[in-house]
file final-v2.txt (compact mmCIF, C-alpha atoms)
# COMPACT_ATOMS: atom_id res chain seq x y z
CA MET A 300 129.63 87.41 84.09
CA THR A 301 132.73 86.29 82.18
CA GLY A 302 134.76 89.28 83.27
CA TYR A 303 135.12 88.07 86.80
CA HIS A 304 135.86 84.56 85.65
CA ASP A 305 138.74 85.58 83.38
CA SER A 306 141.29 85.59 86.15
CA HIS A 307 140.46 81.96 86.82
CA ASP A 308 140.47 80.72 83.27
CA GLY A 309 142.61 77.66 82.89
CA VAL A 310 142.43 76.78 86.56
CA PRO A 311 140.71 73.42 86.82
CA ALA A 312 137.83 73.05 89.22
CA GLY A 313 139.51 70.10 90.94
CA HIS A 314 141.49 70.66 94.09
CA ALA A 315 144.40 68.29 93.49
CA GLU A 316 146.79 71.20 93.11
CA GLN A 317 145.95 72.61 96.51
CA PRO A 318 148.38 72.12 99.40
CA ALA A 319 147.43 69.24 101.68
CA THR A 320 146.61 71.54 104.58
CA GLU A 321 143.86 73.14 102.58
CA HIS A 322 142.06 69.81 102.38
CA GLY A 323 140.98 70.20 105.98
CA MET A 324 137.30 70.76 105.35
CA SER A 325 136.74 68.10 102.74
CA ARG A 326 138.84 65.60 104.66
CA ARG A 327 136.76 66.15 107.74
CA GLN A 328 133.64 65.77 105.65
CA LEU A 329 134.97 62.49 104.37
CA LEU A 330 135.65 61.30 107.90
CA ARG A 331 132.15 62.25 108.92
CA HIS A 332 130.82 60.15 106.08
CA ALA A 333 132.90 57.31 107.48
CA GLY A 334 131.17 57.82 110.79
CA TRP A 335 127.70 57.57 109.36
CA PHE A 336 128.08 54.91 106.76
CA GLY A 337 130.58 52.63 108.41
CA GLY A 338 132.38 50.40 105.96
CA ALA A 339 130.42 51.79 103.04
CA VAL A 340 132.00 55.18 103.32
CA VAL A 341 134.59 54.95 100.60
CA LEU A 342 132.11 53.36 98.31
CA THR A 343 129.46 55.96 99.04
CA VAL A 344 131.70 58.97 98.70
CA ALA A 345 133.51 57.38 95.80
CA SER A 346 130.24 56.71 94.05
CA GLY A 347 129.82 60.46 93.68
CA GLU A 348 133.11 60.50 91.86
CA VAL A 349 132.33 57.37 89.87
CA ILE A 350 129.01 58.82 88.75
CA SER A 351 130.82 61.90 87.50
CA HIS A 352 133.41 59.89 85.63
CA ILE A 353 130.89 57.59 84.05
CA ALA A 354 128.88 60.57 82.97
CA ASP A 355 131.95 62.05 81.30
CA SER A 356 132.73 58.86 79.39
CA ARG A 357 129.12 58.37 78.42
CA GLU A 358 128.86 61.87 77.09
CA THR A 359 132.07 61.66 75.07
CA SER A 360 132.27 58.01 73.98
CA SER A 361 128.85 56.50 74.35
CA GLY A 362 128.70 52.77 73.67
CA THR A 363 132.43 52.21 73.36
CA SER A 364 133.17 51.43 76.99
CA SER A 365 134.39 48.09 78.24
CA GLY A 366 131.94 45.55 79.63
CA THR A 367 132.35 46.68 83.23
CA ALA A 368 132.01 50.30 82.36
CA VAL A 369 128.94 49.60 80.25
CA GLY A 370 127.30 47.93 83.20
CA ALA A 371 128.17 50.87 85.38
CA ALA A 372 127.07 53.30 82.70
CA ALA A 373 123.74 51.53 82.43
CA ALA A 374 123.30 52.01 86.15
CA ALA A 375 124.40 55.60 85.78
CA ASN A 376 121.72 56.22 83.17
CA GLY A 377 119.18 56.23 85.93
CA ALA A 378 121.38 58.26 88.22
CA LEU A 379 120.21 61.52 89.65
CA ARG A 380 122.70 64.32 90.06
CA PHE A 381 121.80 67.71 91.41
CA VAL A 382 123.58 70.69 92.87
CA GLN A 383 122.88 72.70 96.01
CA VAL A 384 124.01 76.32 96.19
CA SER A 385 123.12 78.52 99.12
CA ASP A 386 123.19 81.88 100.80
CA SER A 387 124.34 84.05 97.91
CA HIS A 388 123.18 87.21 99.77
CA ILE A 389 123.05 89.28 96.59
CA GLY A 390 123.12 92.89 97.78
CA PHE A 391 125.38 92.33 100.79
CA GLN A 392 128.06 94.97 101.07
CA GLY A 393 130.76 94.59 103.65
CA PRO A 394 134.36 93.65 104.26
CA ALA A 395 133.46 89.95 104.70
CA ASN A 396 132.98 89.80 100.92
CA MET A 397 133.29 92.92 98.82
CA ASP A 398 131.84 91.16 95.76
CA VAL A 399 129.10 88.65 96.55
CA ALA A 400 127.78 88.89 92.98
CA GLY A 401 131.26 87.98 91.74
CA SER A 402 131.58 84.95 93.98
CA PHE A 403 128.05 83.79 93.09
CA THR A 404 128.99 84.13 89.42
CA GLU A 405 132.01 82.00 90.14
CA ALA A 406 129.81 79.38 91.82
CA ILE A 407 127.58 79.35 88.74
CA ASN A 408 130.64 78.89 86.54
CA GLN A 409 131.70 76.02 88.78
CA VAL A 410 128.29 74.37 88.37
CA ASN A 411 128.66 74.76 84.62
CA SER A 412 132.13 73.17 84.74
CA LEU A 413 131.24 70.00 86.64
CA GLY A 414 131.58 67.82 83.57
CA PHE A 415 127.93 66.81 83.71
CA ARG A 416 124.65 68.67 83.46
CA PRO A 417 122.93 68.54 86.83
CA ASP A 418 119.29 67.43 86.75
CA PHE A 419 118.50 70.50 88.78
CA VAL A 420 120.03 73.14 90.99
CA MET A 421 118.52 73.99 94.37
CA HIS A 422 119.28 77.35 95.94
CA SER A 423 118.54 76.84 99.63
CA GLY A 424 117.77 80.43 100.57
CA ASP A 425 119.09 83.87 101.33
CA LEU A 426 119.24 84.47 97.62
CA THR A 427 119.19 88.19 98.43
CA HIS A 428 120.39 90.22 101.38
CA LEU A 429 117.56 92.73 101.74
CA SER A 430 114.58 91.32 99.80
CA THR A 431 114.53 94.24 97.38
CA VAL A 432 112.92 93.88 93.98
CA GLY A 433 116.25 94.78 92.36
CA GLN A 434 118.10 92.08 94.29
CA PHE A 435 115.48 89.43 93.44
CA ASP A 436 115.69 90.41 89.77
CA GLN A 437 119.47 90.29 89.84
CA VAL A 438 119.74 86.86 91.43
CA LYS A 439 117.05 85.42 89.16
CA GLN A 440 118.86 86.79 86.14
CA MET A 441 122.15 85.34 87.36
CA MET A 442 120.66 81.90 87.94
CA THR A 443 119.40 81.71 84.36
CA GLY A 444 123.09 81.28 83.54
CA MET A 445 123.18 77.86 85.22
CA GLN A 446 123.28 75.01 82.76
CA THR A 447 120.68 72.73 84.23
CA ASP A 448 117.17 71.58 83.44
CA ARG A 449 115.52 73.29 86.39
CA VAL A 450 116.32 75.69 89.20
CA PHE A 451 114.50 75.39 92.51
CA THR A 452 114.60 77.68 95.52
CA VAL A 453 113.42 78.00 99.09
CA PRO A 454 113.38 81.40 100.81
CA GLY A 455 115.77 82.50 103.53
CA GLU A 456 114.88 85.00 106.22
CA HIS A 457 116.78 87.62 104.22
CA ASP A 458 114.33 86.93 101.36
CA SER A 459 111.31 87.52 103.57
CA ILE A 460 112.04 90.88 105.17
CA GLY A 461 109.08 93.08 105.94
CA ASP A 462 106.53 91.48 103.63
CA ALA A 463 106.19 87.87 104.87
CA GLY A 464 107.91 86.67 101.71
CA ARG A 465 105.52 88.18 99.15
CA ALA A 466 108.26 89.66 96.96
CA TYR A 467 110.12 86.34 97.04
CA ARG A 468 107.04 84.39 96.02
CA LYS A 469 106.27 86.86 93.24
CA THR A 470 109.68 86.16 91.72
CA PHE A 471 110.28 82.52 92.66
CA GLY A 472 107.06 81.08 94.03
CA MET A 473 105.16 80.20 90.84
CA GLY A 474 103.18 77.02 91.35
CA THR A 475 104.03 76.67 95.04
CA LEU A 476 101.61 76.26 97.92
CA GLY A 477 101.11 78.34 101.06
CA ASP A 478 104.18 80.41 101.88
CA GLY A 479 106.07 78.80 99.01
CA TRP A 480 106.38 75.11 99.84
CA TYR A 481 106.14 72.27 97.29
CA SER A 482 107.26 68.75 96.51
CA PHE A 483 108.28 66.83 93.42
CA ASP A 484 109.55 63.43 92.33
CA THR A 485 112.40 62.52 90.07
CA HIS A 486 114.61 59.46 89.61
CA GLY A 487 112.66 57.59 92.26
CA VAL A 488 113.43 60.20 94.91
CA HIS A 489 110.75 62.29 96.59
CA PHE A 490 111.78 65.91 97.22
CA ILE A 491 110.09 68.25 99.68
CA ALA A 492 110.94 71.97 99.76
CA LEU A 493 109.92 73.64 103.01
CA VAL A 494 109.68 77.27 104.11
CA ASN A 495 110.76 77.91 107.70
CA THR A 496 111.69 81.59 107.43
CA VAL A 497 108.38 83.42 107.15
CA SER A 498 106.80 83.25 110.61
CA LEU A 499 109.89 83.18 112.75
CA GLU A 500 109.35 82.78 116.46
CA LYS A 501 112.93 83.13 117.71
CA LEU A 502 113.77 80.03 115.70
CA GLY A 503 112.77 78.85 112.27
CA HIS A 504 109.10 77.90 112.10
CA LEU A 505 107.10 75.68 109.75
CA GLY A 506 103.54 76.11 110.98
CA ASN A 507 100.65 73.65 111.07
CA ASP A 508 99.51 74.25 107.48
CA GLN A 509 102.89 73.21 106.17
CA ILE A 510 103.17 70.25 108.51
CA ASP A 511 99.72 69.09 107.30
CA PHE A 512 100.99 69.48 103.75
CA VAL A 513 103.91 67.15 104.49
CA ARG A 514 101.63 64.64 106.21
CA LYS A 515 99.36 64.41 103.17
CA ASP A 516 102.24 64.66 100.71
CA ILE A 517 104.01 61.55 101.99
CA ALA A 518 100.98 59.54 103.08
CA ALA A 519 100.88 57.34 99.99
CA LEU A 520 104.65 56.88 99.67
CA SER A 521 106.25 53.54 100.28
CA SER A 522 108.69 53.62 103.20
CA ASP A 523 111.60 52.67 100.97
CA THR A 524 111.19 55.82 98.86
CA PRO A 525 114.29 57.98 99.40
CA ILE A 526 113.26 61.38 100.75
CA VAL A 527 115.21 64.62 100.38
CA VAL A 528 114.01 67.66 102.31
CA PHE A 529 115.20 71.19 101.55
CA SER A 530 114.87 74.05 104.00
CA HIS A 531 116.81 77.22 104.65
CA ILE A 532 117.12 77.07 108.44
CA PRO A 533 118.29 73.69 109.79
CA LEU A 534 115.56 71.28 110.85
CA PHE A 535 117.82 70.10 113.67
CA ALA A 536 118.99 72.06 116.71
CA MET A 537 122.40 73.15 115.47
CA TYR A 538 122.66 76.22 117.70
CA PRO A 539 119.33 77.64 118.89
CA GLN A 540 121.02 80.60 120.61
CA TRP A 541 121.71 82.01 117.16
CA GLY A 542 118.40 80.91 115.71
CA TRP A 543 119.99 77.89 114.04
CA SER A 544 117.08 75.55 114.63
CA THR A 545 113.38 75.17 113.76
CA ASP A 546 110.99 75.13 116.70
CA ASP A 547 108.41 72.73 115.24
CA ALA A 548 110.67 70.63 113.02
CA LEU A 549 110.21 67.53 115.20
CA LYS A 550 106.62 67.28 113.96
CA VAL A 551 107.93 66.82 110.43
CA ILE A 552 110.83 64.62 111.51
CA ALA A 553 108.35 62.33 113.28
CA LEU A 554 106.44 61.94 110.00
CA LEU A 555 109.66 61.02 108.19
CA ARG A 556 110.97 58.41 110.62
CA ARG A 557 109.27 55.52 108.83
CA PHE A 558 111.33 56.12 105.70
CA SER A 559 114.54 54.16 105.31
CA SER A 560 116.53 57.05 103.80
CA VAL A 561 115.88 60.70 104.60
CA THR A 562 118.33 63.47 103.73
CA CYS A 563 117.70 67.01 104.97
CA LEU A 564 119.71 69.72 103.21
CA ASN A 565 119.77 73.26 104.57
CA GLY A 566 121.67 76.53 104.27
CA HIS A 567 121.56 79.49 106.67
CA VAL A 568 124.58 78.66 108.82
CA HIS A 569 127.17 79.32 106.09
CA GLN A 570 129.27 76.28 107.00
CA LEU A 571 129.41 72.56 106.43
CA PHE A 572 127.96 70.53 109.24
CA THR A 573 126.43 67.08 109.42
CA LYS A 574 124.35 65.23 111.94
CA THR A 575 122.64 61.88 111.78
CA GLU A 576 119.65 60.56 113.68
CA GLY A 577 118.73 57.02 112.78
CA ASN A 578 117.80 56.97 109.10
CA ILE A 579 117.77 60.76 108.85
CA THR A 580 120.89 62.75 108.01
CA PHE A 581 121.12 66.53 108.11
CA HIS A 582 123.64 68.40 106.01
CA SER A 583 124.22 72.12 106.34
CA ALA A 584 125.67 73.65 103.19
CA THR A 585 128.21 76.40 102.99
CA THR A 586 127.61 79.75 101.32
CA THR A 587 128.78 81.56 98.23
CA ALA A 588 128.89 84.91 100.09
CA TYR A 589 130.75 85.08 103.41
CA PRO A 590 131.63 82.81 106.33
CA LEU A 591 129.89 82.84 109.70
CA PRO A 592 131.55 81.74 112.94
CA LYS A 593 131.25 78.24 114.28
CA PRO A 594 128.52 77.97 116.91
CA GLY A 595 129.47 79.80 120.08
CA ARG A 596 132.93 80.75 118.82
CA ALA A 597 131.99 84.42 118.57
CA PRO A 598 129.66 86.77 120.46
CA ALA A 599 127.20 86.74 117.57
CA PRO A 600 126.76 85.21 114.10
CA THR A 601 128.35 88.20 112.40
CA PRO A 602 129.88 87.98 108.91
CA GLN A 603 133.49 86.90 109.37
CA VAL A 604 136.30 88.82 107.72
CA VAL A 605 139.10 86.44 106.71
CA PRO A 606 142.24 87.07 104.67
CA ALA A 607 141.33 87.35 100.99
CA ARG A 608 142.95 84.10 99.95
CA GLN A 609 141.07 82.21 102.66
CA LEU A 610 137.65 83.47 101.64
CA LYS A 611 137.19 80.95 98.87
CA ASP A 612 138.06 78.12 101.25
CA ALA A 613 134.90 78.97 103.14
CA LEU A 614 132.70 79.26 100.04
CA GLY A 615 131.53 76.48 97.78
CA ILE A 616 128.89 74.37 96.10
CA ARG A 617 127.56 70.87 96.77
CA THR A 618 126.85 68.09 94.34
CA VAL A 619 124.55 65.22 95.26
CA GLY A 620 124.29 61.94 93.41
CA PHE A 621 121.85 59.10 93.81
CA ARG A 622 121.48 55.81 92.02
CA GLN A 623 118.29 53.84 92.25
CA GLY A 624 118.89 50.84 94.44
CA ASP A 625 121.37 52.68 96.63
CA ARG A 626 120.26 53.53 100.12
CA GLU A 627 122.32 56.66 100.61
CA LEU A 628 122.92 59.73 98.54
CA ALA A 629 126.51 60.60 97.69
CA ILE A 630 127.10 64.13 98.90
CA LYS A 631 130.20 65.97 97.82
CA ASP A 632 131.08 69.48 98.94
CA GLN A 633 133.48 71.48 96.81
CA ARG A 634 135.18 74.72 97.68
CA LEU A 635 134.77 77.58 95.29
CA ALA A 636 137.54 76.81 92.82
CA MET B 214 121.91 111.69 123.54
CA SER B 215 124.01 109.14 125.35
CA PRO B 216 121.99 106.87 127.62
CA SER B 217 122.58 107.57 131.30
CA SER B 218 123.07 104.54 133.48
CA THR B 219 120.61 103.95 136.29
CA GLY B 220 123.03 101.72 138.18
CA ALA B 221 123.13 98.02 137.35
CA SER B 222 124.04 97.44 133.72
CA ALA B 223 120.97 95.27 133.06
CA ALA B 224 118.57 97.84 134.46
CA PRO B 225 116.40 99.93 132.15
CA VAL B 226 118.21 102.86 130.63
CA THR B 227 116.87 106.29 129.78
CA GLY B 228 117.83 108.17 126.64
CA ASP B 229 116.58 108.22 123.09
CA ALA B 230 119.02 106.02 121.19
CA VAL B 231 119.35 102.29 120.72
CA ALA B 232 122.46 100.79 119.19
CA ILE B 233 122.21 97.57 117.19
CA LYS B 234 125.56 95.89 117.67
CA ASN B 235 126.77 92.30 117.75
CA PHE B 236 123.24 91.08 117.08
CA ALA B 237 121.76 92.79 120.13
CA PHE B 238 119.75 95.91 120.88
CA SER B 239 121.51 98.11 123.41
CA PRO B 240 120.03 98.99 125.80
CA ALA B 241 117.76 95.95 125.89
CA THR B 242 115.23 97.99 127.87
CA LEU B 243 114.92 101.69 127.13
CA LYS B 244 112.77 104.01 129.28
CA VAL B 245 111.41 107.17 127.67
CA THR B 246 108.66 109.66 128.34
CA MET B 247 105.71 110.22 126.01
CA GLY B 248 106.64 112.26 122.95
CA THR B 249 110.22 111.00 122.77
CA THR B 250 111.62 110.14 119.38
CA VAL B 251 113.82 107.06 119.67
CA THR B 252 116.47 106.39 117.03
CA TRP B 253 117.97 103.00 116.30
CA ILE B 254 121.29 102.77 114.45
CA ASN B 255 122.63 99.54 112.97
CA GLN B 256 126.33 99.19 113.70
CA ASP B 257 126.56 95.57 112.47
CA THR B 258 127.70 94.44 109.04
CA ASP B 259 124.59 92.28 108.73
CA ALA B 260 121.15 93.80 108.18
CA HIS B 261 118.56 94.07 110.95
CA THR B 262 115.02 95.31 111.45
CA VAL B 263 113.17 97.01 114.31
CA THR B 264 109.75 95.34 114.32
CA SER B 265 107.05 95.18 116.97
CA ALA B 266 106.52 91.72 118.42
CA GLY B 267 103.11 90.24 117.74
CA SER B 268 100.68 92.04 115.47
CA GLY B 269 99.46 95.60 115.60
CA GLY B 270 102.58 97.17 117.11
CA PRO B 271 103.80 100.49 115.72
CA LEU B 272 107.46 99.65 115.10
CA HIS B 273 108.05 98.59 111.54
CA SER B 274 111.39 99.54 110.07
CA ALA B 275 112.66 98.64 106.66
CA ALA B 276 115.71 96.39 106.51
CA LEU B 277 118.47 98.46 108.06
CA ASN B 278 121.78 98.02 106.34
CA THR B 279 125.05 98.93 108.06
CA HIS B 280 124.89 102.49 109.48
CA ALA B 281 121.20 102.85 108.58
CA THR B 282 118.89 104.39 111.18
CA TYR B 283 115.21 104.16 112.07
CA SER B 284 113.28 106.60 114.25
CA TYR B 285 109.88 106.41 115.89
CA THR B 286 108.08 108.92 118.14
CA PHE B 287 106.19 107.29 120.99
CA THR B 288 102.95 109.18 121.64
CA LYS B 289 101.24 106.72 124.00
CA PRO B 290 102.46 105.23 127.27
CA GLY B 291 103.02 101.49 127.40
CA THR B 292 105.54 98.71 127.01
CA TYR B 293 106.66 98.16 123.43
CA SER B 294 108.34 94.82 122.72
CA TYR B 295 110.17 94.46 119.46
CA LEU B 296 112.56 92.17 117.62
CA CYS B 297 114.65 91.85 114.48
CA THR B 298 112.65 89.80 111.97
CA ILE B 299 115.84 88.63 110.28
CA HIS B 300 117.30 87.42 113.59
CA PRO B 301 114.26 86.96 115.84
CA PHE B 302 116.37 85.88 118.80
CA MET B 303 117.21 89.61 119.07
CA THR B 304 114.52 91.05 121.31
CA ALA B 305 114.22 94.27 123.35
CA THR B 306 111.70 96.64 124.90
CA VAL B 307 110.90 100.34 125.05
CA GLU B 308 108.97 101.47 128.15
CA VAL B 309 107.05 104.71 127.60
CA THR B 310 105.75 106.66 130.61
CA ARG B 311 103.77 109.90 130.88
call {"tool": "encode", "arguments": {"input": "final-v2.txt", "output": "structure tokens"}}
result
Amino acid sequence: MTGYHDSHDGVPAGHAEQPATEHGMSRRQLLRHAGWFGGAVVLTVASGEVISHIADSRETSSGTSSGTAVGAAAAANGALRFVQVSDSHIGFQGPANMDVAGSFTEAINQVNSLGFRPDFVMHSGDLTHLSTVGQFDQVKQMMTGMQTDRVFTVPGEHDSIGDAGRAYRKTFGMGTLGDGWYSFDTHGVHFIALVNTVSLEKLGHLGNDQIDFVRKDIAALSSDTPIVVFSHIPLFAMYPQWGWSTDDALKVIALLRRFSSVTCLNGHVHQLFTKTEGNITFHSATTTAYPLPKPGRAPAPTPQVVPARQLKDALGIRTVGFRQGDRELAIKDQRLA
Amino acid sequence: MSPSSTGASAAPVTGDAVAIKNFAFSPATLKVTMGTTVTWINQDTDAHTVTSAGSGGPLHSAALNTHATYSYTFTKPGTYSYLCTIHPFMTATVEVTR
């Protein structure tokens, strides 16, 4: 694990040293935030940064901060910070990324270098490329290297090949319901992890059992409870022609409309994309393995071969922060350093 | 081996090979006679499967990595619909006649 990282030792995880043109993706993300949150954008995006900084000062000089910082630190004590990684495709072999295990290792190192210990890490599917026992073992072993309190997963369609997800659930599905769905609460946020990759019908599919689970799961929740939903395939129609949609997602979305803040985080499409519908925002994460084309910009969603130095621009991890009392989560996507 | 065209490009094609390329089965409709062994070859860099649509169909390949092949001998006439379970928008048919 350290062998691959050696060549990057001493290179900080921040991107300040990168040429301005390479800020394209994050800049666009920032602008999208501006679109959704109006005047609050800088504050919202900045709060992700502020949370990180406060965490650093709290960890190194607890109790010695100035009055303002103490107030902020007190607020930060209740802050939730988690990481989303996605689509590691352990076992993929091809020119689009000759070393997916190496780049996933690098993503893990990046998680461990954030300057704070995330409350949990969610891997949003396609952990493996071919659902083999060896690949499941390998990715599970690798994820034990993440310095966090808990690791969660949802399966991708690559994790459910040929056996309706049984091998996935054997390795990662302890304590889950049905095909591997579950929910949990932390820091005042209600999390729901959905499985839409097992009974595919051209698009992602949830099924009535799972939709009933969501209905019962959220029935007693107050409408001001922030909700975060994880799934592998997007719950919105990003590009149905390539299967980038979930045919019965609207049944779940309808159940979630009463909540004042709903954030749906998915993988699958190997690129950052955001859409908002009322109080519900959808964020597609990037991958740690290989890029896919933008919708319709290629004949098919085939792994894209890019010049070696551009590969890392397409790969990355996502940090998400939330402070009780805030309405929105602060979502920050970072390229693989 | 190579499929012979029956005229229009979208028309059913005879032969015994199906290429998996650019996330599509080619030909999309293959016509064979009973007893033919059909071979699928994955020419994509992503993995695919050859899996009967619905339940009870005979086609059930493992995950086919790049260059991997899958063969099945059709012993009964009928129309066999199949898909890739990893990319279920990829669908195709084999028509088997006596």
call {"tool": "interface_residues", "arguments": {"input": "final-v2.txt", "of": "chain A", "to": "chain B", "cutoff": "7 Å", "atoms": "all atoms listed in the file", "output": "JSON, numbers by chain"}}
result
{"A": [393, 429, 456, 457, 460, 461, 499, 500, 501, 502, 541, 542, 598, 599, 601, 602]}
call {"tool": "closest_residue", "arguments": {"input": "final-v2.txt", "among": "B:Leu243, B:Tyr295, B:Gly228, B:Ala305", "to": "B:Gly269", "atoms": "only C-alpha atoms"}}
result
B:Tyr295
call {"tool": "closest_residue", "arguments": {"input": "final-v2.txt", "among": "A:Met445, A:Val497, A:Val382, A:Ala588", "to": "A:Arg468", "atoms": "all atoms listed in the file"}}
result
A:Val497
call {"tool": "residues_around", "arguments": {"input": "final-v2.txt", "residues": "A:Leu493", "least_positions_apart": "5", "cutoff": "9 Å", "atoms": "only C-alpha atoms", "output": "ChimeraX atom specification"}}
result
/A:453-454,478-482,505,509,513,528-531
call {"tool": "atom_distance", "arguments": {"input": "final-v2.txt", "atom1": "atom CA of A:Asp458", "atom2": "atom CA of A:His504"}}
result
15.0 Å
call {"tool": "residues_near_point", "arguments": {"input": "final-v2.txt", "point": "(125.5, 77.3, 124.4)", "cutoff": "9 Å", "atoms": "all atoms listed in the file", "output": "PyMOL selection string"}}
result
chain A and resi 538-540+594-595
call {"tool": "atom_distance", "arguments": {"input": "final-v2.txt", "atom1": "atom CA of B:Ala232", "atom2": "atom CA of A:His428"}}
result
20.8 Å
call {"tool": "closest_residue", "arguments": {"input": "final-v2.txt", "among": "A:Ile510, A:Ala548, A:Val450, A:Leu426", "to": "A:Phe391", "atoms": "only C-alpha atoms"}}
result
A:Leu426
call {"tool": "atom_distance", "arguments": {"input": "final-v2.txt", "atom1": "atom CA of A:Leu591", "atom2": "atom CA of B:Thr306"}}
result
27.4 Å
call {"tool": "closest_residue", "arguments": {"input": "final-v2.txt", "among": "A:Thr427, A:Phe512, A:Ser522, A:Glu576", "to": "A:Leu534", "atoms": "only C-alpha atoms"}}
result
A:Glu576
call {"tool": "closest_residue", "arguments": {"input": "final-v2.txt", "among": "B:Thr242, B:Ser294, B:Val251, B:Val231", "to": "B:Ser265", "atoms": "all atoms listed in the file"}}
result
B:Ser294
call {"tool": "residues_near_point", "arguments": {"input": "final-v2.txt", "point": "(114.1, 51.8, 102.2)", "cutoff": "7 Å", "atoms": "all atoms listed in the file", "output": "list in words"}}
result
Ser522, Asp523, Thr524, Pro525, Phe558, Ser559, Ser560 and Arg626 of chain A
call {"tool": "closest_residue", "arguments": {"input": "final-v2.txt", "among": "A:His567, A:Arg449, A:Arg416, A:His489", "to": "A:Ser387", "atoms": "only C-alpha atoms"}}
result
A:His567
call {"tool": "residues_around", "arguments": {"input": "final-v2.txt", "residues": "A:Thr470", "least_positions_apart": "5", "cutoff": "8 Å", "atoms": "all atoms listed in the file", "output": "ChimeraX atom specification"}}
result
/A:435-436,439
call {"tool": "build_atoms", "arguments": {"input": "final-v2.txt", "residues": "stretch 414-427 of chain A", "atoms": "N, CA, C and O atoms", "output": "short mmCIF file (atom, residue, chain, number, x, y, z; two decimals), in the frame of the given file"}}
result
data_model
loop_
_atom_site.label_atom_id
_atom_site.label_comp_id
_atom_site.auth_asym_id
_atom_site.auth_seq_id
_atom_site.Cartn_x
_atom_site.Cartn_y
_atom_site.Cartn_z
N GLY A 414 131.35 68.95 84.46
CA GLY A 414 131.58 67.82 83.57
C GLY A 414 130.31 67.01 83.33
O GLY A 414 130.30 66.03 82.61
N PHE A 415 129.24 67.40 83.99
CA PHE A 415 127.93 66.81 83.71
C PHE A 415 126.89 67.90 83.91
O PHE A 415 127.16 68.91 84.57
N ARG A 416 125.73 67.68 83.32
CA ARG A 416 124.65 68.67 83.46
C ARG A 416 123.75 68.23 84.60
O ARG A 416 123.08 67.20 84.51
N PRO A 417 123.75 68.97 85.70
CA PRO A 417 122.93 68.54 86.83
C PRO A 417 121.45 68.49 86.46
O PRO A 417 120.97 69.31 85.67
N ASP A 418 120.73 67.52 87.03
CA ASP A 418 119.29 67.43 86.75
C ASP A 418 118.56 68.66 87.24
O ASP A 418 117.58 69.08 86.65
N PHE A 419 119.03 69.21 88.34
CA PHE A 419 118.50 70.50 88.78
C PHE A 419 119.48 71.14 89.75
O PHE A 419 120.42 70.50 90.24
N VAL A 420 119.27 72.41 89.98
CA VAL A 420 120.03 73.14 90.99
C VAL A 420 119.04 73.67 92.02
O VAL A 420 118.01 74.26 91.65
N MET A 421 119.33 73.44 93.29
CA MET A 421 118.52 73.99 94.37
C MET A 421 119.30 75.10 95.07
O MET A 421 120.43 74.89 95.50
N HIS A 422 118.70 76.28 95.13
CA HIS A 422 119.28 77.35 95.94
C HIS A 422 118.53 77.35 97.27
O HIS A 422 117.32 77.60 97.31
N SER A 423 119.25 77.06 98.36
CA SER A 423 118.54 76.84 99.63
C SER A 423 118.45 78.11 100.48
O SER A 423 118.58 78.06 101.70
N GLY A 424 118.22 79.25 99.84
CA GLY A 424 117.77 80.43 100.57
C GLY A 424 118.81 81.49 100.87
O GLY A 424 120.00 81.27 100.74
N ASP A 425 118.30 82.66 101.29
CA ASP A 425 119.09 83.87 101.33
C ASP A 425 119.71 84.13 99.96
O ASP A 425 120.92 84.35 99.81
N LEU A 426 118.83 84.09 98.96
CA LEU A 426 119.24 84.47 97.62
C LEU A 426 119.69 85.92 97.64
O LEU A 426 120.67 86.30 97.02
N THR A 427 118.91 86.76 98.35
CA THR A 427 119.19 88.19 98.43
C THR A 427 119.57 88.55 99.86
O THR A 427 119.42 87.75 100.79
#
